[in-house]
Structures are given as structure tokens and as C-alpha cells.
Amino acid sequence: MDRPALEAACGDRLGGARFAGLWVAGSLAGLHAPSVAIVGTRAPSDDGRRRARALAEGLARAGVCIVSGLALGVDGAAHEGALAAGAPTIGVLGGGHAHFFPQRHRELGARMIAAGGAVVSPFAPDVEPRPWQFLARNAVIAALVDAVVVIEAATRSGALNTASHAGDAGVPVLALPGDIDHAKSAGCNALIRDGATLVRGVEDVLAALPLPLAPPPRRTPPAARIDDPPEVRRLLAAIAAGARDADTLLARLALPPHEVLGLLGELEIAGRLVHGTQGYALV
């Protein structure tokens, strides 16, 4: 993709960044759909990693193209979530393709390309990655998307740099809140304090997108998967049978309230449930 094509794709979002173009391995066709960047720390908690993957999978099932930086941690979990949904996902490198970094994600990049997505870089293939280049990479991520979601980020992090580029370009910034005593949540909590949209699940992200989305395909209830644990199967079956509110579900499942509410939250983040005026419903 040459500079004119890059400008056509990104409008004026690149600001003062100076790139000759994008080197592309794979297909950028996914960007015809609304796109969301999911970024965060390279060393997330288990919960942060799980939420990044679940949110990406839910958004991808709703027709969103997931973009991230192919880094370890939250970035990789986001790409994996999109792949789990069978959707294309796009990763942006901080160096040239011939010096793929991190090497541990080279195989992930190959799977992304095979799934119809792409691995791109604003740097020529023979350019070795340097620290400053990842800040430039973040500008490209922000330029390619319609919204940026931050999951687990310290007060100084590349994810906040991406969010800053997005904010400067008028791209919506969203963040998943976290424990106020958790250093890896400090950046997200600060973003929310300063005006970023708080993310509770897929619906919050979809509501921030400026472009209409085609409704996701309807599943046949109870929408259970072969690898779902028994309690998830029971929960989905209860909702399919007409149990729509939390009190009814608690009575039917005979599970501890915190366990049922936790499962409902996880399934909603994953895009498998929605919660509206009529209660919970399968997607």
C-alpha cells in the first residue's frame, strides 16, 4: 500500500507521522468492516488475557475487524479471539517483516494471514525493530480503526500511546476498568476518569462505533459448544427455555449467585448473550 492509498485508508489520522506506505502480507479486506483496536499490557493478568480474548471474539462474531500490535499479552489474546470467531484480524509490526518481532508470534501471524487477515508494517521488510518504531506503529494502529479499547495498561505504556493517537484524531477511546490497587489497571482507570468510555461488554464497544453493523447471525438455541463446561450448558439451556432474569436463573440452576453472575458476565463479554429490557437473550 503506497502513501496515497495509506492516506485514503486513514484520512488525516496519521497526523505528523511520516511513512512511505504500508508493507502488507495478507489481505486488508477486513478493514471494509468497522474495525476496533484492542491493546494493553504485554504481561496481563489471567483475567485480563481472558477478557481481551473474549471481547475480541464477541466483536468479531458481530462483524468487527480486530486490529492490534501482535505483541505478547493483550495484543496476542485479541488476535486469538478474532481467529476463534473465524474472522480476519490485522496486526501491525514495529519493524520490518524480515525481522518479525516478537518471534514467538510469527506462527500467530501466519495463522492470521491464512484466515484472511494481514500482518502489516509501516517499515520496509529489512528494517530491524527499534523502541521508537513501536510508538510510530501505535499511530498506524489508531489510524486504521474506528475505536480503540484498552485492557490492562499501566500509567506509562504503549497502549496509552495508541489511545493518545486515537484521541488526537477523534477516534473513540474505550477502556476496561480494573481494581484501583492494581498497577496494571491504573492506565485504564485514568482513561475513564479523563473521559474514555467504560467497557462492560461487547455492546458498549458496538455502541461507540460510528458505522452501522449488520446484525450477527442468529444461533439456534441453546448455542452451547462442545467444549462448554456443564454449568454453561445448563445456563444457556435455561435461557433458551425462557428464563430471562437473574433471579429465575439462580432458582433454576441452584448455583451460588456469584458463579451465575460471573458466567452471565463472561458470556455477555464474549458476545454470546445480550442483556436488554426483556432480560437475557441468546445471540
# chains A, B, ... in the order shown; residues from 1 in each chain; ligands from 1
>>> residues_around(residues="segment 175-182 of chain A", least_positions_apart="5", cutoff="9 Å", atoms="only C-alpha atoms", output="list of chain:residue names")
A:Val148, A:Val149, A:Val150, A:Ile151, A:Glu152, A:Ala154, A:Gly187, A:Cys188, A:Asn189, A:Leu191, A:Ile192, A:Ala196, A:Thr197, A:Leu198, A:Val199, A:Arg200, A:Gly201
>>> residues_around(residues="Asn161 of chain A", least_positions_apart="5", cutoff="12 Å", atoms="only C-alpha atoms", output="list of chain:residue names")
A:Val39, A:Gly40, A:Thr41, A:Trp132, A:Phe134, A:Leu135, A:Ala136, A:Arg137, A:Asn138, A:Ala139, A:Val140, A:Ile141, A:Ala142, A:Val148, A:Val150, A:Ala153, A:Ala154, A:Thr155, A:Arg156, A:Ala166, A:Gly167, A:Asp168, A:Val173, A:Gly187, A:Leu191
>>> closest_residue(among="A:Ala281, A:Leu55, A:Ala98, A:Ala190", to="Glu80 of chain A", atoms="only C-alpha atoms")
A:Leu55
>>> residues_around(residues="Val127 of chain A", least_positions_apart="3", cutoff="12 Å", atoms="only C-alpha atoms", output="list in words")
Trp23, Leu93, Gly94, Gly95, Gly96, His97, Ala98, His99, Phe100, Phe101, Ser121, Pro122, Phe123, Ala124, Arg130 and Gln133 of chain A
>>> atom_distance(atom1="atom CA of Val67 of chain A", atom2="atom CA of Pro125 of chain A")
20.0 Å
>>> closest_residue(among="A:Asp126, A:Glu57, A:Asp75, A:Glu266", to="Arg42 of chain A", atoms="only C-alpha atoms")
A:Asp75
>>> atom_distance(atom1="atom CA of Leu261 of chain A", atom2="atom CA of Ala246 of chain A")
7.6 Å
>>> closest_atom_pairs(of="segment 65-107 of chain A", to="segment 43-49 of chain A", cutoff="12 Å", atoms="only C-alpha atoms", output="Markdown table")
| residue | atom | partner | partner_atom | distance |
| --- | --- | --- | --- | --- |
| A:Ala71 | CA | A:Ala43 | CA | 10.0 |
| A:Leu72 | CA | A:Ala43 | CA | 7.3 |
| A:Gly73 | CA | A:Ala43 | CA | 5.3 |
| A:Val74 | CA | A:Arg49 | CA | 5.7 |
| A:Asp75 | CA | A:Arg49 | CA | 9.0 |
| A:Gly76 | CA | A:Arg49 | CA | 8.8 |
| A:Ala77 | CA | A:Arg49 | CA | 6.0 |
| A:Ala78 | CA | A:Arg49 | CA | 8.3 |
| A:His79 | CA | A:Arg49 | CA | 11.3 |
| A:Glu80 | CA | A:Arg49 | CA | 10.5 |
| A:Gly81 | CA | A:Arg49 | CA | 10.2 |
>>> atom_distance(atom1="atom CA of Asp245 of chain A", atom2="atom CA of Tyr280 of chain A")
6.3 Å
>>> residues_around(residues="Leu282 of chain A", least_positions_apart="2", cutoff="7 Å", atoms="only C-alpha atoms", output="PDB file with C-alpha atoms, in the first residue's frame")
ATOM      1  CA  ARG A 272     -22.985 -14.966  23.252  1.00  0.00           C
ATOM      2  CA  LEU A 273     -25.641 -13.190  25.343  1.00  0.00           C
ATOM      3  CA  VAL A 274     -27.229  -9.760  25.352  1.00  0.00           C
TER       4      VAL A 274
END
>>> residues_around(residues="Pro34 of chain A", least_positions_apart="4", cutoff="10 Å", atoms="only C-alpha atoms", output="list in words")
Gly30, Gly63, Val64, Cys65, Ile66, Leu144, Val145, Asp146, Ala147, Leu206, Leu209, Pro210, Leu211, Pro212 and Leu213 of chain A
>>> write_last_selection(atoms="N, CA, C and O atoms", output="mmCIF file, in the first residue's frame")
data_model
loop_
_atom_site.group_PDB
_atom_site.id
_atom_site.type_symbol
_atom_site.label_atom_id
_atom_site.label_comp_id
_atom_site.auth_asym_id
_atom_site.auth_seq_id
_atom_site.Cartn_x
_atom_site.Cartn_y
_atom_site.Cartn_z
ATOM 1 N N GLY A 30 -10.532 -7.033 5.461
ATOM 2 C CA GLY A 30 -11.263 -6.931 6.727
ATOM 3 C C GLY A 30 -11.575 -5.506 7.119
ATOM 4 O O GLY A 30 -12.543 -5.240 7.843
ATOM 5 N N GLY A 63 -19.186 -8.931 13.534
ATOM 6 C CA GLY A 63 -18.820 -8.342 12.255
ATOM 7 C C GLY A 63 -17.736 -7.291 12.302
ATOM 8 O O GLY A 63 -17.507 -6.573 11.328
ATOM 9 N N VAL A 64 -17.039 -7.182 13.432
ATOM 10 C CA VAL A 64 -15.978 -6.179 13.595
ATOM 11 C C VAL A 64 -14.624 -6.798 13.245
ATOM 12 O O VAL A 64 -14.351 -7.949 13.596
ATOM 13 N N CYS A 65 -13.776 -6.037 12.571
ATOM 14 C CA CYS A 65 -12.401 -6.463 12.305
ATOM 15 C C CYS A 65 -11.518 -6.030 13.473
ATOM 16 O O CYS A 65 -11.486 -4.846 13.828
ATOM 17 N N ILE A 66 -10.805 -6.966 14.066
ATOM 18 C CA ILE A 66 -9.937 -6.689 15.211
ATOM 19 C C ILE A 66 -8.540 -6.359 14.720
ATOM 20 O O ILE A 66 -7.937 -7.105 13.943
ATOM 21 N N LEU A 144 -5.982 3.079 11.633
ATOM 22 C CA LEU A 144 -6.690 2.065 10.861
ATOM 23 C C LEU A 144 -8.073 1.740 11.413
ATOM 24 O O LEU A 144 -8.840 1.030 10.754
ATOM 25 N N VAL A 145 -8.397 2.241 12.606
ATOM 26 C CA VAL A 145 -9.586 1.727 13.291
ATOM 27 C C VAL A 145 -10.639 2.805 13.546
ATOM 28 O O VAL A 145 -10.384 4.008 13.451
ATOM 29 N N ASP A 146 -11.824 2.320 13.916
ATOM 30 C CA ASP A 146 -12.947 3.200 14.246
ATOM 31 C C ASP A 146 -13.086 3.398 15.755
ATOM 32 O O ASP A 146 -13.872 4.240 16.194
ATOM 33 N N ALA A 147 -12.362 2.625 16.556
ATOM 34 C CA ALA A 147 -12.370 2.773 18.009
ATOM 35 C C ALA A 147 -11.176 2.016 18.574
ATOM 36 O O ALA A 147 -10.698 1.058 17.971
ATOM 37 N N LEU A 206 -19.755 -1.752 20.550
ATOM 38 C CA LEU A 206 -20.563 -1.599 19.338
ATOM 39 C C LEU A 206 -21.268 -0.246 19.333
ATOM 40 O O LEU A 206 -21.403 0.397 18.286
ATOM 41 N N LEU A 209 -19.188 2.660 17.901
ATOM 42 C CA LEU A 209 -18.765 2.651 16.505
ATOM 43 C C LEU A 209 -19.631 3.590 15.673
ATOM 44 O O LEU A 209 -20.857 3.604 15.803
ATOM 45 N N PRO A 210 -19.005 4.380 14.810
ATOM 46 C CA PRO A 210 -19.764 5.350 14.012
ATOM 47 C C PRO A 210 -20.476 4.727 12.832
ATOM 48 O O PRO A 210 -21.309 5.368 12.204
ATOM 49 N N LEU A 211 -20.150 3.476 12.501
ATOM 50 C CA LEU A 211 -20.726 2.841 11.324
ATOM 51 C C LEU A 211 -21.730 1.780 11.729
ATOM 52 O O LEU A 211 -21.527 1.079 12.718
ATOM 53 N N PRO A 212 -22.830 1.628 10.979
ATOM 54 C CA PRO A 212 -23.793 0.586 11.324
ATOM 55 C C PRO A 212 -23.210 -0.795 11.077
ATOM 56 O O PRO A 212 -22.432 -1.001 10.152
ATOM 57 N N LEU A 213 -23.585 -1.720 11.910
ATOM 58 C CA LEU A 213 -23.142 -3.107 11.776
ATOM 59 C C LEU A 213 -24.309 -3.976 11.355
ATOM 60 O O LEU A 213 -25.434 -3.795 11.809
#
>>> select_by_dssp(residues="segment 49-282 of chain A", states="strand (DSSP E or B)", output="ChimeraX atom specification")
/A:65-68,89-92,118-121,147-151,173-175,197-198,273-276,279-282
>>> write_last_selection(atoms="N, CA, C and O atoms", output="short mmCIF file (atom, residue, chain, number, x, y, z; two decimals), in the first residue's frame")
data_model
loop_
_atom_site.label_atom_id
_atom_site.label_comp_id
_atom_site.auth_asym_id
_atom_site.auth_seq_id
_atom_site.Cartn_x
_atom_site.Cartn_y
_atom_site.Cartn_z
N CYS A 65 -13.78 -6.04 12.57
CA CYS A 65 -12.40 -6.46 12.30
C CYS A 65 -11.52 -6.03 13.47
O CYS A 65 -11.49 -4.85 13.83
N ILE A 66 -10.80 -6.97 14.07
CA ILE A 66 -9.94 -6.69 15.21
C ILE A 66 -8.54 -6.36 14.72
O ILE A 66 -7.94 -7.11 13.94
N VAL A 67 -8.00 -5.24 15.20
CA VAL A 67 -6.66 -4.78 14.87
C VAL A 67 -5.86 -4.68 16.16
O VAL A 67 -6.38 -4.23 17.18
N SER A 68 -4.60 -5.10 16.14
CA SER A 68 -3.74 -4.94 17.31
C SER A 68 -2.28 -4.98 16.86
O SER A 68 -1.99 -4.99 15.66
N THR A 89 -8.21 -10.83 11.13
CA THR A 89 -7.68 -9.87 12.08
C THR A 89 -6.36 -9.34 11.54
O THR A 89 -5.65 -10.03 10.81
N ILE A 90 -6.04 -8.10 11.88
CA ILE A 90 -4.88 -7.42 11.30
C ILE A 90 -3.92 -7.00 12.40
O ILE A 90 -4.31 -6.40 13.40
N GLY A 91 -2.64 -7.34 12.22
CA GLY A 91 -1.60 -6.98 13.16
C GLY A 91 -0.62 -6.01 12.54
O GLY A 91 -0.30 -6.12 11.35
N VAL A 92 -0.14 -5.07 13.34
CA VAL A 92 0.80 -4.05 12.86
C VAL A 92 2.13 -4.23 13.59
O VAL A 92 2.18 -4.19 14.82
N ALA A 118 -4.19 -9.95 7.87
CA ALA A 118 -2.92 -9.44 7.38
C ALA A 118 -1.98 -9.10 8.52
O ALA A 118 -2.40 -8.84 9.65
N VAL A 119 -0.68 -9.13 8.20
CA VAL A 119 0.37 -8.58 9.05
C VAL A 119 0.99 -7.44 8.26
O VAL A 119 1.47 -7.65 7.14
N VAL A 120 0.94 -6.24 8.80
CA VAL A 120 1.40 -5.06 8.06
C VAL A 120 2.48 -4.33 8.86
O VAL A 120 2.63 -4.54 10.06
N SER A 121 3.21 -3.49 8.18
CA SER A 121 4.24 -2.69 8.83
C SER A 121 4.43 -1.39 8.07
O SER A 121 4.38 -1.37 6.83
N ALA A 147 -12.36 2.62 16.56
CA ALA A 147 -12.37 2.77 18.01
C ALA A 147 -11.18 2.02 18.57
O ALA A 147 -10.70 1.06 17.97
N VAL A 148 -10.70 2.46 19.73
CA VAL A 148 -9.59 1.80 20.43
C VAL A 148 -10.07 1.40 21.82
O VAL A 148 -10.64 2.22 22.56
N VAL A 149 -9.85 0.13 22.17
CA VAL A 149 -10.20 -0.38 23.51
C VAL A 149 -8.90 -0.75 24.22
O VAL A 149 -8.09 -1.52 23.68
N VAL A 150 -8.73 -0.25 25.44
CA VAL A 150 -7.53 -0.54 26.23
C VAL A 150 -7.92 -1.49 27.36
O VAL A 150 -8.88 -1.24 28.10
N ILE A 151 -7.18 -2.59 27.48
CA ILE A 151 -7.41 -3.58 28.52
C ILE A 151 -6.11 -3.78 29.29
O ILE A 151 -5.12 -4.24 28.73
N VAL A 173 -12.15 6.37 22.27
CA VAL A 173 -11.28 5.58 23.14
C VAL A 173 -12.14 4.98 24.25
O VAL A 173 -12.92 5.69 24.88
N LEU A 174 -11.98 3.69 24.46
CA LEU A 174 -12.72 2.98 25.50
C LEU A 174 -11.73 2.22 26.37
O LEU A 174 -10.61 1.92 25.94
N ALA A 175 -12.14 1.90 27.59
CA ALA A 175 -11.23 1.18 28.49
C ALA A 175 -12.02 0.28 29.42
O ALA A 175 -13.14 0.61 29.84
N THR A 197 -14.76 5.97 27.35
CA THR A 197 -15.98 5.19 27.61
C THR A 197 -15.64 3.92 28.38
O THR A 197 -14.71 3.19 28.02
N LEU A 198 -16.38 3.67 29.44
CA LEU A 198 -16.18 2.45 30.24
C LEU A 198 -16.75 1.26 29.49
O LEU A 198 -17.88 1.30 28.99
N LEU A 273 -24.40 -13.63 24.72
CA LEU A 273 -25.64 -13.19 25.34
C LEU A 273 -25.76 -11.68 25.20
O LEU A 273 -24.75 -10.97 25.11
N VAL A 274 -26.99 -11.20 25.21
CA VAL A 274 -27.23 -9.76 25.35
C VAL A 274 -28.20 -9.57 26.51
O VAL A 274 -29.02 -10.44 26.81
N HIS A 275 -28.09 -8.40 27.15
CA HIS A 275 -28.99 -8.11 28.26
C HIS A 275 -29.73 -6.82 27.94
O HIS A 275 -29.14 -5.77 27.82
N GLY A 276 -31.03 -6.94 27.75
CA GLY A 276 -31.85 -5.79 27.39
C GLY A 276 -33.02 -5.63 28.33
O GLY A 276 -33.05 -6.19 29.44
N GLY A 279 -34.55 -8.78 29.61
CA GLY A 279 -33.67 -9.69 30.30
C GLY A 279 -32.61 -10.26 29.37
O GLY A 279 -32.27 -9.67 28.34
N TYR A 280 -32.08 -11.42 29.73
CA TYR A 280 -31.01 -12.05 28.96
C TYR A 280 -31.58 -12.81 27.76
O TYR A 280 -32.65 -13.40 27.83
N ALA A 281 -30.83 -12.75 26.65
CA ALA A 281 -31.25 -13.45 25.44
C ALA A 281 -30.02 -13.98 24.74
O ALA A 281 -28.94 -13.38 24.80
N LEU A 282 -30.16 -15.11 24.05
CA LEU A 282 -29.07 -15.68 23.26
C LEU A 282 -28.85 -14.85 22.01
O LEU A 282 -29.79 -14.30 21.45
#
>>> closest_residue(among="A:Leu249, A:Ala37, A:Ala84, A:Val171", to="Ala115 of chain A", atoms="only C-alpha atoms")
A:Ala84
>>> select_by_dssp(residues="segment 45-275 of chain A", states="helix (DSSP H, G or I)", output="PyMOL selection string")
chain A and resi 46-61+74-84+97-99+103-114+131-144+158-168+183-193+202-208+230-240+246-253+257-269
>>> residues_around(residues="Leu253 of chain A", least_positions_apart="2", cutoff="12 Å", atoms="only C-alpha atoms", output="JSON, numbers by chain")
{"A": [230, 231, 232, 233, 234, 235, 236, 237, 238, 239, 243, 246, 247, 248, 249, 250, 251, 255, 256, 257, 259, 260, 261, 263]}
>>> decode(residues="segment 28-86 of chain A", atoms="C-alpha atoms", output="PDB file, in the first residue's frame")
ATOM      1  CA  LEU A  28      -6.716  -5.792   4.201  1.00  0.00           C
ATOM      2  CA  ALA A  29     -10.241  -6.671   3.076  1.00  0.00           C
ATOM      3  CA  GLY A  30     -11.263  -6.931   6.727  1.00  0.00           C
ATOM      4  CA  LEU A  31     -10.985  -3.152   7.003  1.00  0.00           C
ATOM      5  CA  HIS A  32     -14.086  -2.799   4.839  1.00  0.00           C
ATOM      6  CA  ALA A  33     -15.947  -3.654   8.049  1.00  0.00           C
ATOM      7  CA  PRO A  34     -15.924  -1.440  11.147  1.00  0.00           C
ATOM      8  CA  SER A  35     -12.616  -2.025  12.925  1.00  0.00           C
ATOM      9  CA  VAL A  36     -11.593  -1.901  16.577  1.00  0.00           C
ATOM     10  CA  ALA A  37      -8.122  -1.957  18.109  1.00  0.00           C
ATOM     11  CA  ILE A  38      -7.740  -3.941  21.328  1.00  0.00           C
ATOM     12  CA  VAL A  39      -4.465  -3.110  23.068  1.00  0.00           C
ATOM     13  CA  GLY A  40      -2.923  -3.451  26.505  1.00  0.00           C
ATOM     14  CA  THR A  41      -0.040  -4.689  28.592  1.00  0.00           C
ATOM     15  CA  ARG A  42       2.397  -7.354  27.413  1.00  0.00           C
ATOM     16  CA  ALA A  43       2.123  -9.042  30.820  1.00  0.00           C
ATOM     17  CA  PRO A  44      -1.601  -9.156  31.632  1.00  0.00           C
ATOM     18  CA  SER A  45      -3.243 -10.966  34.490  1.00  0.00           C
ATOM     19  CA  ASP A  46      -5.027 -14.191  33.634  1.00  0.00           C
ATOM     20  CA  ASP A  47      -8.296 -12.289  33.887  1.00  0.00           C
ATOM     21  CA  GLY A  48      -7.062  -9.529  31.585  1.00  0.00           C
ATOM     22  CA  ARG A  49      -5.896 -12.018  28.984  1.00  0.00           C
ATOM     23  CA  ARG A  50      -9.219 -13.874  29.149  1.00  0.00           C
ATOM     24  CA  ARG A  51     -11.245 -10.684  28.830  1.00  0.00           C
ATOM     25  CA  ALA A  52      -9.194  -9.469  25.866  1.00  0.00           C
ATOM     26  CA  ARG A  53      -9.738 -12.732  24.021  1.00  0.00           C
ATOM     27  CA  ALA A  54     -13.445 -12.902  24.905  1.00  0.00           C
ATOM     28  CA  LEU A  55     -14.104  -9.292  23.900  1.00  0.00           C
ATOM     29  CA  ALA A  56     -12.273  -9.743  20.593  1.00  0.00           C
ATOM     30  CA  GLU A  57     -14.174 -12.942  19.853  1.00  0.00           C
ATOM     31  CA  GLY A  58     -17.514 -11.323  20.643  1.00  0.00           C
ATOM     32  CA  LEU A  59     -16.793  -8.285  18.489  1.00  0.00           C
ATOM     33  CA  ALA A  60     -15.523 -10.428  15.630  1.00  0.00           C
ATOM     34  CA  ARG A  61     -18.709 -12.506  15.723  1.00  0.00           C
ATOM     35  CA  ALA A  62     -20.650  -9.247  15.469  1.00  0.00           C
ATOM     36  CA  GLY A  63     -18.820  -8.342  12.255  1.00  0.00           C
ATOM     37  CA  VAL A  64     -15.978  -6.179  13.595  1.00  0.00           C
ATOM     38  CA  CYS A  65     -12.401  -6.463  12.305  1.00  0.00           C
ATOM     39  CA  ILE A  66      -9.937  -6.689  15.211  1.00  0.00           C
ATOM     40  CA  VAL A  67      -6.656  -4.781  14.867  1.00  0.00           C
ATOM     41  CA  SER A  68      -3.739  -4.935  17.308  1.00  0.00           C
ATOM     42  CA  GLY A  69       0.033  -4.865  17.548  1.00  0.00           C
ATOM     43  CA  LEU A  70       0.906  -8.587  17.575  1.00  0.00           C
ATOM     44  CA  ALA A  71       2.734  -8.062  20.874  1.00  0.00           C
ATOM     45  CA  LEU A  72       2.739 -10.610  23.679  1.00  0.00           C
ATOM     46  CA  GLY A  73      -0.079 -10.350  26.200  1.00  0.00           C
ATOM     47  CA  VAL A  74      -3.284  -8.454  25.419  1.00  0.00           C
ATOM     48  CA  ASP A  75      -2.453  -7.956  21.724  1.00  0.00           C
ATOM     49  CA  GLY A  76      -1.922 -11.649  21.090  1.00  0.00           C
ATOM     50  CA  ALA A  77      -5.040 -12.582  23.065  1.00  0.00           C
ATOM     51  CA  ALA A  78      -7.095 -10.175  20.934  1.00  0.00           C
ATOM     52  CA  HIS A  79      -5.823 -11.695  17.688  1.00  0.00           C
ATOM     53  CA  GLU A  80      -6.502 -15.196  19.043  1.00  0.00           C
ATOM     54  CA  GLY A  81     -10.054 -14.200  19.961  1.00  0.00           C
ATOM     55  CA  ALA A  82     -10.751 -12.990  16.435  1.00  0.00           C
ATOM     56  CA  LEU A  83      -9.333 -16.204  14.981  1.00  0.00           C
ATOM     57  CA  ALA A  84     -11.521 -18.239  17.346  1.00  0.00           C
ATOM     58  CA  ALA A  85     -14.511 -16.469  15.782  1.00  0.00           C
ATOM     59  CA  GLY A  86     -13.292 -17.430  12.309  1.00  0.00           C
TER      60      GLY A  86
END
